[in-house]
file work.txt (compact mmCIF, C-alpha atoms and all ligand atoms)
# COMPACT_ATOMS: atom_id res chain seq x y z
CA MET A 1 5.47 11.34 20.30
CA ILE A 2 8.26 13.17 18.52
CA ILE A 3 7.28 15.18 15.43
CA ALA A 4 10.31 15.37 13.10
CA GLU A 5 10.37 17.49 9.96
CA THR A 6 14.00 17.01 8.97
CA ILE A 7 16.10 14.03 7.96
CA SER A 8 18.80 14.99 10.48
CA GLU A 9 16.35 14.95 13.42
CA VAL A 10 15.23 11.44 12.46
CA ARG A 11 18.81 10.20 12.05
CA LYS A 12 19.87 11.61 15.44
CA GLN A 13 16.94 10.02 17.28
CA VAL A 14 17.24 6.62 15.57
CA LYS A 15 20.97 6.59 16.33
CA GLU A 16 20.21 7.13 20.01
CA TRP A 17 17.66 4.30 20.03
CA LYS A 18 20.08 1.95 18.29
CA GLN A 19 22.83 2.83 20.78
CA GLN A 20 20.38 1.70 23.49
CA GLY A 21 19.94 -1.60 21.64
CA LEU A 22 16.33 -0.89 20.65
CA THR A 23 14.75 -2.20 17.44
CA VAL A 24 13.04 0.21 15.08
CA GLY A 25 9.96 -0.31 12.89
CA LEU A 26 8.91 1.90 9.96
CA VAL A 27 5.35 2.47 8.73
CA PRO A 28 5.38 4.55 5.52
CA THR A 29 2.13 6.44 4.85
CA MET A 30 0.79 9.37 2.86
CA GLY A 31 -1.29 10.59 5.82
CA PHE A 32 -5.06 11.09 6.20
CA LEU A 33 -4.79 8.06 8.42
CA HIS A 34 -7.52 5.52 9.17
CA GLU A 35 -7.85 2.15 10.90
CA GLY A 36 -5.96 0.45 8.06
CA HIS A 37 -2.87 2.54 8.79
CA ALA A 38 -3.47 2.08 12.53
CA SER A 39 -3.36 -1.70 12.09
CA LEU A 40 0.14 -1.36 10.59
CA VAL A 41 1.25 0.75 13.56
CA ASP A 42 -0.26 -1.78 15.99
CA ARG A 43 1.61 -4.59 14.28
CA ALA A 44 4.84 -2.57 14.30
CA VAL A 45 4.45 -1.71 18.00
CA SER A 46 3.96 -5.42 18.76
CA MET A 47 7.17 -6.36 16.91
CA CYS A 48 9.54 -3.40 17.51
CA ASP A 49 10.75 -1.31 20.48
CA ARG A 50 10.26 2.00 18.68
CA VAL A 51 8.00 2.82 15.70
CA VAL A 52 8.51 5.60 13.18
CA ALA A 53 5.62 6.50 10.86
CA SER A 54 6.25 8.68 7.84
CA ASP A 55 3.46 11.03 6.79
CA PHE A 56 4.38 12.36 3.36
CA VAL A 57 2.34 12.78 0.18
CA ASN A 58 5.05 11.72 -2.24
CA PRO A 59 4.83 13.74 -5.48
CA THR A 60 7.03 11.37 -7.52
CA GLN A 61 4.45 8.59 -7.40
CA PHE A 62 1.64 10.70 -8.89
CA GLY A 63 1.15 11.01 -12.65
CA PRO A 64 0.50 14.43 -14.24
CA ASN A 65 -3.29 13.95 -14.33
CA GLU A 66 -3.66 12.33 -10.92
CA ASP A 67 -4.87 13.67 -7.57
CA LEU A 68 -1.64 15.04 -6.01
CA ALA A 69 -3.11 18.53 -5.51
CA THR A 70 -6.37 17.30 -4.00
CA TYR A 71 -5.03 14.34 -1.99
CA PRO A 72 -6.69 14.66 1.45
CA ARG A 73 -4.56 15.83 4.40
CA ASP A 74 -5.16 16.22 8.15
CA PHE A 75 -1.86 16.15 9.99
CA GLU A 76 -3.35 17.03 13.38
CA HIS A 77 -5.72 14.06 13.24
CA ASP A 78 -2.86 11.83 11.98
CA CYS A 79 -0.70 12.75 15.00
CA LYS A 80 -3.55 11.97 17.38
CA LEU A 81 -4.14 8.54 15.82
CA LEU A 82 -0.43 7.69 15.71
CA GLU A 83 0.14 8.73 19.33
CA GLU A 84 -2.91 6.73 20.50
CA HIS A 85 -1.49 3.64 18.79
CA GLY A 86 1.93 3.96 20.42
CA CYS A 87 3.98 5.44 17.59
CA SER A 88 7.26 6.94 18.88
CA MET A 89 7.99 9.40 16.09
CA VAL A 90 6.24 10.79 13.03
CA PHE A 91 8.40 11.98 10.14
CA HIS A 92 6.54 14.74 8.31
CA PRO A 93 8.97 16.33 5.84
CA ALA A 94 8.33 19.11 3.35
CA VAL A 95 8.73 18.09 -0.28
CA SER A 96 11.95 20.16 -0.40
CA GLU A 97 13.41 18.13 2.50
CA MET A 98 12.93 14.90 0.53
CA TYR A 99 13.73 16.13 -2.98
CA ALA A 100 16.37 18.74 -3.77
CA PRO A 101 15.47 20.81 -6.84
CA ASP A 102 18.24 19.05 -8.78
CA ALA A 103 17.42 15.51 -7.54
CA ALA A 104 17.94 13.14 -10.47
CA THR A 105 18.27 9.65 -8.98
CA TYR A 106 15.44 7.12 -8.97
CA VAL A 107 15.10 3.54 -7.80
CA GLU A 108 13.31 1.55 -10.47
CA ILE A 109 12.65 -2.14 -11.02
CA LEU A 110 13.39 -2.83 -14.66
CA ASN A 111 11.42 -6.04 -15.13
CA ASP A 112 7.67 -6.20 -15.84
CA MET A 113 6.48 -6.02 -12.20
CA PRO A 114 5.84 -2.25 -12.19
CA LYS A 115 4.18 -2.48 -15.63
CA GLN A 116 1.49 -5.00 -14.59
CA LEU A 117 -1.89 -4.23 -12.95
CA CYS A 118 -1.90 -0.58 -11.79
CA GLY A 119 1.28 0.04 -13.80
CA LYS A 120 -0.67 -0.13 -17.06
CA THR A 121 -2.44 3.14 -16.31
CA ARG A 122 0.11 4.51 -13.79
CA PRO A 123 3.44 4.07 -15.64
CA ILE A 124 5.66 6.09 -13.25
CA HIS A 125 3.86 5.20 -10.02
CA PHE A 126 6.07 2.38 -8.77
CA ARG A 127 9.29 4.19 -9.69
CA GLY A 128 8.11 6.95 -7.34
CA VAL A 129 7.13 4.46 -4.66
CA CYS A 130 10.47 2.59 -4.83
CA THR A 131 12.39 5.86 -4.76
CA VAL A 132 10.62 7.30 -1.72
CA VAL A 133 10.58 3.99 0.19
CA SER A 134 14.27 3.55 -0.56
CA LYS A 135 14.96 7.05 0.77
CA LEU A 136 12.88 6.33 3.90
CA PHE A 137 14.84 3.10 4.41
CA ASN A 138 18.10 5.06 4.19
CA ILE A 139 16.84 7.79 6.54
CA VAL A 140 15.21 5.61 9.21
CA THR A 141 17.33 2.44 8.78
CA PRO A 142 14.53 0.32 10.31
CA ASP A 143 14.85 -3.32 11.33
CA ARG A 144 11.36 -3.95 9.95
CA ALA A 145 9.01 -2.10 7.62
CA PHE A 146 5.24 -2.57 7.53
CA PHE A 147 3.06 -2.44 4.41
CA GLY A 148 -0.60 -3.24 3.77
CA GLN A 149 -1.86 -6.03 1.53
CA LYS A 150 -4.41 -3.43 0.37
CA ASP A 151 -1.65 -2.25 -2.02
CA ALA A 152 -0.68 -5.78 -2.99
CA GLN A 153 1.34 -4.85 -6.08
CA GLN A 154 3.29 -2.32 -4.04
CA LEU A 155 4.04 -4.95 -1.38
CA SER A 156 5.33 -7.48 -3.96
CA ILE A 157 7.46 -4.75 -5.57
CA ILE A 158 8.92 -3.60 -2.23
CA ARG A 159 9.80 -7.19 -1.36
CA LYS A 160 11.60 -7.48 -4.70
CA MET A 161 13.43 -4.18 -4.20
CA VAL A 162 14.57 -5.25 -0.73
CA ARG A 163 15.94 -8.50 -2.14
CA ASP A 164 17.60 -6.90 -5.16
CA MET A 165 19.16 -4.04 -3.18
CA SER A 166 20.18 -6.21 -0.19
CA TYR A 167 18.39 -4.04 2.35
CA ASP A 168 18.80 -5.58 5.79
CA ILE A 169 15.12 -4.94 6.52
CA GLU A 170 12.32 -7.42 7.17
CA VAL A 171 9.21 -6.51 5.17
CA VAL A 172 6.01 -7.33 7.06
CA GLY A 173 2.76 -7.52 5.08
CA CYS A 174 -0.48 -6.76 6.96
CA PRO A 175 -4.06 -7.79 6.07
CA ILE A 176 -6.63 -5.45 4.51
CA VAL A 177 -8.77 -3.58 7.05
CA ARG A 178 -12.36 -3.09 5.87
CA GLU A 179 -15.39 -1.04 6.86
CA PRO A 180 -18.14 -3.12 8.55
CA ASP A 181 -19.95 -3.42 5.20
CA GLY A 182 -16.82 -4.72 3.43
CA LEU A 183 -15.38 -1.65 1.66
CA ALA A 184 -11.58 -1.63 2.02
CA LYS A 185 -10.54 1.41 4.05
CA SER A 186 -8.76 4.01 1.94
CA SER A 187 -7.90 7.69 2.28
CA ARG A 188 -9.52 8.10 -1.15
CA ASN A 189 -12.93 6.87 0.13
CA THR A 190 -13.43 10.46 1.29
CA TYR A 191 -13.87 11.46 -2.38
CA LEU A 192 -17.04 9.34 -2.66
CA SER A 193 -20.54 10.87 -2.58
CA PRO A 194 -23.12 8.88 -0.54
CA GLU A 195 -24.39 7.21 -3.74
CA GLU A 196 -20.86 6.39 -4.86
CA ARG A 197 -20.00 5.06 -1.40
CA GLN A 198 -22.89 2.60 -1.78
CA ALA A 199 -21.85 1.68 -5.33
CA ALA A 200 -18.26 1.08 -4.16
CA LEU A 201 -19.43 -2.03 -2.31
CA ILE A 202 -19.29 -3.79 -5.67
CA LEU A 203 -15.50 -4.11 -5.23
CA SER A 204 -15.63 -6.05 -1.97
CA GLY A 205 -18.63 -7.95 -3.35
CA ALA A 206 -16.55 -9.08 -6.33
CA VAL A 207 -13.65 -9.98 -4.03
CA ALA A 208 -15.98 -12.10 -1.89
CA LEU A 209 -17.32 -13.87 -4.99
CA GLY A 210 -13.85 -14.56 -6.41
CA ARG A 211 -12.52 -15.75 -3.07
CA GLN A 212 -15.49 -18.10 -2.65
CA MET A 213 -14.97 -19.58 -6.12
CA ALA A 214 -11.29 -20.16 -5.34
CA GLU A 215 -12.15 -21.73 -2.00
CA ASP A 216 -14.70 -23.95 -3.72
CA GLY A 217 -11.88 -25.34 -5.86
CA GLU A 218 -12.24 -23.37 -9.12
CA LYS A 219 -8.84 -23.74 -10.81
CA ASP A 220 -9.52 -21.69 -13.94
CA ALA A 221 -8.26 -18.18 -13.14
CA GLY A 222 -10.06 -16.78 -16.20
CA ALA A 223 -13.41 -18.12 -14.96
CA ILE A 224 -12.93 -16.36 -11.61
CA VAL A 225 -11.90 -13.09 -13.26
CA GLU A 226 -14.85 -13.24 -15.70
CA ALA A 227 -17.35 -13.89 -12.90
CA MET A 228 -15.94 -10.95 -10.93
CA LYS A 229 -16.10 -8.67 -13.98
CA GLU A 230 -19.68 -9.72 -14.60
CA LYS A 231 -20.60 -8.90 -11.03
CA ILE A 232 -18.94 -5.48 -11.21
CA GLY A 233 -20.81 -4.92 -14.50
CA THR A 234 -24.11 -5.07 -12.60
CA GLU A 235 -23.23 -1.77 -10.84
CA PRO A 236 -24.03 1.10 -13.25
CA MET A 237 -21.64 3.53 -11.50
CA ALA A 238 -18.65 1.17 -11.78
CA VAL A 239 -16.14 1.27 -14.64
CA ILE A 240 -13.50 -1.47 -14.60
CA ASP A 241 -9.86 -0.48 -15.06
CA TYR A 242 -8.69 -4.07 -14.62
CA VAL A 243 -9.47 -7.35 -12.88
CA GLU A 244 -6.58 -9.80 -13.14
CA ALA A 245 -5.10 -12.94 -11.64
CA VAL A 246 -1.30 -12.89 -11.30
CA ASN A 247 1.47 -14.76 -9.55
CA LEU A 248 1.88 -13.08 -6.15
CA ASP A 249 5.67 -12.91 -6.33
CA THR A 250 6.31 -12.11 -10.00
CA LEU A 251 2.98 -10.38 -10.84
CA GLU A 252 2.90 -12.28 -14.13
CA PRO A 253 -0.60 -13.23 -15.35
CA VAL A 254 -1.65 -16.79 -14.54
CA SER A 255 -4.30 -18.98 -16.13
CA ARG A 256 -4.49 -21.54 -13.31
CA MET A 257 -5.14 -21.01 -9.61
CA GLU A 258 -1.94 -22.72 -8.51
CA GLY A 259 0.56 -21.57 -5.88
CA SER A 260 0.02 -18.07 -4.48
CA VAL A 261 -2.28 -16.15 -6.80
CA LEU A 262 -3.11 -12.48 -6.36
CA VAL A 263 -6.50 -11.55 -7.81
CA ALA A 264 -6.49 -7.75 -7.98
CA MET A 265 -8.73 -5.05 -9.38
CA ALA A 266 -8.98 -1.33 -9.95
CA VAL A 267 -12.44 0.10 -10.55
CA TYR A 268 -13.61 3.66 -11.09
CA ILE A 269 -16.62 4.74 -9.08
CA GLY A 270 -17.36 8.09 -10.68
CA LYS A 271 -14.01 9.86 -10.82
CA THR A 272 -12.54 7.89 -7.92
CA ARG A 273 -10.29 4.94 -8.70
CA LEU A 274 -10.48 2.28 -6.00
CA ILE A 275 -8.47 -0.94 -5.62
CA ASP A 276 -9.12 -4.21 -3.83
CA ASN A 277 -7.77 -7.76 -3.97
CA PHE A 278 -7.50 -11.18 -2.41
CA ILE A 279 -4.79 -13.82 -2.34
CA ALA A 280 -5.63 -17.46 -3.02
CA GLU A 281 -3.16 -20.06 -1.83
CA SER A 282 -3.70 -23.45 -3.33
CA GLY A 283 -3.98 -25.66 -0.29
CA GLU A 284 -6.56 -27.97 1.18
CA ALA A 285 -9.51 -26.39 -0.66
CA GLY A 286 -7.83 -26.81 -4.04
CA GLN A 287 -6.54 -30.29 -3.29
CA ALA A 288 -9.92 -31.42 -2.00
CA GLY A 289 -11.46 -30.56 -5.37
CA ALA A 290 -8.62 -32.12 -7.38
P1 LIG A 301 -1.14 5.12 1.92
O1 LIG A 301 -1.20 6.17 2.98
O2 LIG A 301 -2.44 4.94 1.18
O3 LIG A 301 0.06 5.23 1.03
O4 LIG A 301 -0.96 3.76 2.69
C1 LIG A 301 0.10 3.56 3.58
C2 LIG A 301 0.16 2.12 3.99
O5 LIG A 301 -1.06 1.74 4.61
C3 LIG A 301 0.36 1.17 2.79
O6 LIG A 301 1.26 0.13 3.16
C4 LIG A 301 -1.03 0.65 2.57
O7 LIG A 301 -1.07 -0.61 1.95
C5 LIG A 301 -1.56 0.58 3.98
N1 LIG A 301 -3.02 0.59 3.96
C6 LIG A 301 -3.84 1.51 3.39
N2 LIG A 301 -5.13 1.15 3.52
C7 LIG A 301 -5.13 -0.03 4.18
C8 LIG A 301 -6.15 -0.93 4.62
N3 LIG A 301 -7.44 -0.69 4.39
N4 LIG A 301 -5.78 -2.03 5.27
C9 LIG A 301 -4.46 -2.30 5.51
N5 LIG A 301 -3.46 -1.51 5.13
C10 LIG A 301 -3.79 -0.39 4.48

call {"tool": "encode", "arguments": {"input": "work.txt", "output": "structure tokens", "more": "lines below"}}
Ligand code: AMP
result
Amino acid sequence: MIIAETISEVRKQVKEWKQQGLTVGLVPTMGFLHEGHASLVDRAVSMCDRVVASDFVNPTQFGPNEDLATYPRDFEHDCKLLEEHGCSMVFHPAVSEMYAPDAATYVEILNDMPKQLCGKTRPIHFRGVCTVVSKLFNIVTPDRAFFGQKDAQQLSIIRKMVRDMSYDIEVVGCPIVREPDGLAKSSRNTYLSPEERQAALILSGAVALGRQMAEDGEKDAGAIVEAMKEKIGTEPMAVIDYVEAVNLDTLEPVSRMEGSVLVAMAVYIGKTRLIDNFIAESGEAGQAGA
């Protein structure tokens, strides 16, 4: 596996691959990789001739009081995991390689999508995400890019950016990978003490409850959200940031479970903010109850 630290190395290698007629997949990550990231690489390897993973803790998507300085890192372990899963190249740039000191250009969606859900408490987050992903798209010029449903708002926003900016890139969404007991895998799970790790199961528990209600034909989005909040409220260590039901494509709040509905949450367990979600598609289950 090639380890590239500069934009020019990546461009040179991708150019060579393209001259050979090979397709290229991109898996953007912030490192400290786990099986969730690995599932994206596996999917990319199955759909593309060559796979590039980026491993970059992007400062522009962190707010001033967030965990940029303490975000976990283990590049050696990341390389091992990526190589084992068939990644062809890892792009691991320094911050100065990605952002010149006088960099002043951002990519920002100006509708409400980045203001919903996580955007309420993380106002500059999605501007940073769109900017870095846009730069990675320009550097790697992939045929396909792979993102996890774990960050559902991010995935909807990237899809919108790709449409609006006419990127010739297929965005592939991949399902959430969970621990055996249900907790969604996350680099931030490492922050949790053993007691908090146990308490964090309330997120996947609430997801399971909400999903079951939707599958059982509950059409009132508010009833599902309230039941999930009530369940989370039974865990003394949990503090809800939000639980909301929104349209999957526009991220606008919905009152009915119709079409593709994203039910997403952010919950603090101690100081650690965790997210989880599920998508309900109104189909047979909903029609059967109607
Ligand atoms: P991150 O390193 O947290 O920025 O995540 C990089 C990519 O991996 C994003 O597209 C995430 O949605 C995806 N990802 C992170 N955790 C998971 C998971 N548990 N299951 C599936 N994808 C994930």

call {"tool": "closest_residue", "arguments": {"input": "work.txt", "among": "A:Ser96, A:Ser282, A:Thr6, A:Thr272", "to": "Ser193 of chain A", "atoms": "all atoms listed in the file"}}
result
A:Thr272

call {"tool": "atom_distance", "arguments": {"input": "work.txt", "atom1": "atom CA of Val24 of chain A", "atom2": "atom CA of Val52 of chain A"}}
result
7.3 Å

call {"tool": "residues_around", "arguments": {"input": "work.txt", "residues": "segment 172-183 of chain A", "least_positions_apart": "4", "cutoff": "6 Å", "atoms": "all atoms listed in the file", "output": "list of chain:residue names"}}
result
A:Gly36, A:Phe146, A:Phe147, A:Gly148, A:Gln149, A:Lys150, A:Leu201, A:Ser204

call {"tool": "write_last_selection", "arguments": {"input": "work.txt", "atoms": "C-alpha atoms", "output": "CSV table (one decimal), in the frame of the given file"}}
result
chain,number,residue,atom,x,y,z
A,36,GLY,CA,-6.0,0.4,8.1
A,146,PHE,CA,5.2,-2.6,7.5
A,147,PHE,CA,3.1,-2.4,4.4
A,148,GLY,CA,-0.6,-3.2,3.8
A,149,GLN,CA,-1.9,-6.0,1.5
A,150,LYS,CA,-4.4,-3.4,0.4
A,201,LEU,CA,-19.4,-2.0,-2.3
A,204,SER,CA,-15.6,-6.0,-2.0

call {"tool": "closest_atom_pairs", "arguments": {"input": "work.txt", "of": "segment 149-238 of chain A", "to": "segment 126-143 of chain A", "cutoff": "10 Å", "atoms": "all atoms listed in the file", "output": "tab-separated table"}}
result
residue	atom	partner	partner_atom	distance
A:Gln153	CA	A:Phe126	CA	9.0
A:Gln154	CA	A:Phe126	CA	7.2
A:Ile157	CA	A:Phe126	CA	7.9
A:Ile158	CA	A:Cys130	CA	6.9
A:Met161	CA	A:Cys130	CA	7.4
A:Val162	CA	A:Ser134	CA	8.8
A:Met165	CA	A:Ser134	CA	9.4
A:Tyr167	CA	A:Phe137	CA	8.2
A:Asp168	CA	A:Asp143	CA	7.2
A:Ile169	CA	A:Asp143	CA	5.1
A:Glu170	CA	A:Asp143	CA	6.4
A:Val171	CA	A:Asp143	CA	8.9

call {"tool": "atom_distance", "arguments": {"input": "work.txt", "atom1": "atom CA of Ile3 of chain A", "atom2": "atom CA of Val90 of chain A"}}
result
5.1 Å

call {"tool": "closest_residue", "arguments": {"input": "work.txt", "among": "A:Cys79, A:Met265, A:Val27, A:Met98", "to": "ligand LIG 301 (chain A)", "atoms": "all atoms listed in the file"}}
result
A:Val27

call {"tool": "residues_near_point", "arguments": {"input": "work.txt", "point": "(7.3, 11.9, 9.1)", "cutoff": "10 Å", "atoms": "only C-alpha atoms", "output": "list of chain:residue names"}}
result
A:Ile2, A:Ile3, A:Ala4, A:Glu5, A:Thr6, A:Ile7, A:Val10, A:Val27, A:Pro28, A:Thr29, A:Met30, A:Gly31, A:Val52, A:Ala53, A:Ser54, A:Asp55, A:Phe56, A:Cys79, A:Met89, A:Val90, A:Phe91, A:His92, A:Pro93, A:Ala94, A:Leu136

call {"tool": "atom_distance", "arguments": {"input": "work.txt", "atom1": "atom CA of Glu97 of chain A", "atom2": "atom CA of Trp17 of chain A"}}
result
22.7 Å

call {"tool": "closest_residue", "arguments": {"input": "work.txt", "among": "A:Asp78, A:Asp49, A:Glu66, A:Glu35", "to": "Lys185 of chain A", "atoms": "only C-alpha atoms"}}
result
A:Glu35

call {"tool": "closest_atom_pairs", "arguments": {"input": "work.txt", "of": "segment 254-278 of chain A", "to": "segment 236-245 of chain A", "cutoff": "7 Å", "atoms": "only C-alpha atoms", "output": "JSON lines"}}
result
{"residue": "A:Val254", "atom": "CA", "partner": "A:Ala245", "partner_atom": "CA", "distance": 5.9}
{"residue": "A:Val261", "atom": "CA", "partner": "A:Ala245", "partner_atom": "CA", "distance": 6.5}
{"residue": "A:Leu262", "atom": "CA", "partner": "A:Ala245", "partner_atom": "CA", "distance": 5.7}
{"residue": "A:Val263", "atom": "CA", "partner": "A:Ala245", "partner_atom": "CA", "distance": 4.3}
{"residue": "A:Ala264", "atom": "CA", "partner": "A:Glu244", "partner_atom": "CA", "distance": 5.6}
{"residue": "A:Met265", "atom": "CA", "partner": "A:Val243", "partner_atom": "CA", "distance": 4.3}
{"residue": "A:Ala266", "atom": "CA", "partner": "A:Asp241", "partner_atom": "CA", "distance": 5.3}
{"residue": "A:Val267", "atom": "CA", "partner": "A:Ile240", "partner_atom": "CA", "distance": 4.5}
{"residue": "A:Tyr268", "atom": "CA", "partner": "A:Val239", "partner_atom": "CA", "distance": 5.0}
{"residue": "A:Ile269", "atom": "CA", "partner": "A:Ala238", "partner_atom": "CA", "distance": 4.9}
{"residue": "A:Gly270", "atom": "CA", "partner": "A:Met237", "partner_atom": "CA", "distance": 6.3}

call {"tool": "closest_residue", "arguments": {"input": "work.txt", "among": "A:Glu9, A:Asp102, A:Glu196, A:Asp220", "to": "Lys271 of chain A", "atoms": "all atoms listed in the file"}}
result
A:Glu196

call {"tool": "axis_aligned_box", "arguments": {"input": "work.txt", "around": "segment 52-68 of chain A", "padding_each_side": "6 Å", "output": "JSON"}}
result
{"center_x": 1.8, "center_y": 10.3, "center_z": -0.6, "size_x": 25.4, "size_y": 21.4, "size_z": 39.5}

call {"tool": "closest_residue", "arguments": {"input": "work.txt", "among": "A:Tyr99, A:Tyr106, A:Tyr71, A:Tyr191", "to": "ligand LIG 301 (chain A)", "atoms": "all atoms listed in the file"}}
result
A:Tyr71

call {"tool": "closest_residue", "arguments": {"input": "work.txt", "among": "A:Glu16, A:Asp151, A:Glu83, A:Asp216", "to": "ligand LIG 301 (chain A)", "atoms": "all atoms listed in the file"}}
result
A:Asp151

call {"tool": "residues_around", "arguments": {"input": "work.txt", "residues": "Thr250 of chain A", "least_positions_apart": "5", "cutoff": "9 Å", "atoms": "all atoms listed in the file", "output": "PyMOL selection string"}}
result
chain A and resi 112-113+156-157+160

call {"tool": "decode", "arguments": {"input": "work.txt", "residues": "segment 39-51 of chain A", "atoms": "N, CA, C and O atoms", "output": "short mmCIF file (atom, residue, chain, number, x, y, z; two decimals), in the first residue's frame"}}
result
data_model
loop_
_atom_site.label_atom_id
_atom_site.label_comp_id
_atom_site.auth_asym_id
_atom_site.auth_seq_id
_atom_site.Cartn_x
_atom_site.Cartn_y
_atom_site.Cartn_z
N SER A 39 -15.55 -1.51 6.67
CA SER A 39 -16.67 -1.93 5.81
C SER A 39 -16.78 -1.03 4.58
O SER A 39 -17.17 -1.47 3.49
N LEU A 40 -16.43 0.25 4.75
CA LEU A 40 -16.43 1.17 3.60
C LEU A 40 -15.33 0.78 2.60
O LEU A 40 -15.54 0.80 1.39
N VAL A 41 -14.17 0.42 3.15
CA VAL A 41 -13.05 0.01 2.28
C VAL A 41 -13.43 -1.28 1.54
O VAL A 41 -13.21 -1.40 0.33
N ASP A 42 -14.03 -2.22 2.28
CA ASP A 42 -14.45 -3.49 1.64
C ASP A 42 -15.41 -3.22 0.48
O ASP A 42 -15.28 -3.78 -0.61
N ARG A 43 -16.36 -2.34 0.73
CA ARG A 43 -17.35 -2.01 -0.30
C ARG A 43 -16.65 -1.35 -1.50
O ARG A 43 -16.93 -1.68 -2.65
N ALA A 44 -15.71 -0.46 -1.19
CA ALA A 44 -14.99 0.25 -2.26
C ALA A 44 -14.16 -0.73 -3.08
O ALA A 44 -14.15 -0.66 -4.31
N VAL A 45 -13.48 -1.67 -2.38
CA VAL A 45 -12.65 -2.66 -3.08
C VAL A 45 -13.53 -3.52 -4.00
O VAL A 45 -13.13 -3.89 -5.10
N SER A 46 -14.76 -3.80 -3.54
CA SER A 46 -15.65 -4.65 -4.36
C SER A 46 -16.18 -3.90 -5.58
O SER A 46 -16.64 -4.52 -6.54
N MET A 47 -16.14 -2.57 -5.57
CA MET A 47 -16.73 -1.80 -6.67
C MET A 47 -15.73 -1.04 -7.52
O MET A 47 -16.10 -0.46 -8.55
N CYS A 48 -14.45 -0.98 -7.09
CA CYS A 48 -13.45 -0.16 -7.79
C CYS A 48 -12.14 -0.94 -7.95
O CYS A 48 -11.82 -1.80 -7.12
N ASP A 49 -11.35 -0.59 -8.99
CA ASP A 49 -10.08 -1.28 -9.20
C ASP A 49 -9.03 -0.85 -8.18
O ASP A 49 -8.18 -1.65 -7.77
N ARG A 50 -9.03 0.41 -7.83
CA ARG A 50 -8.07 0.92 -6.85
C ARG A 50 -8.82 1.75 -5.81
O ARG A 50 -9.76 2.47 -6.17
N VAL A 51 -8.40 1.65 -4.54
CA VAL A 51 -9.08 2.39 -3.47
C VAL A 51 -8.08 3.29 -2.74
O VAL A 51 -7.01 2.85 -2.33
#
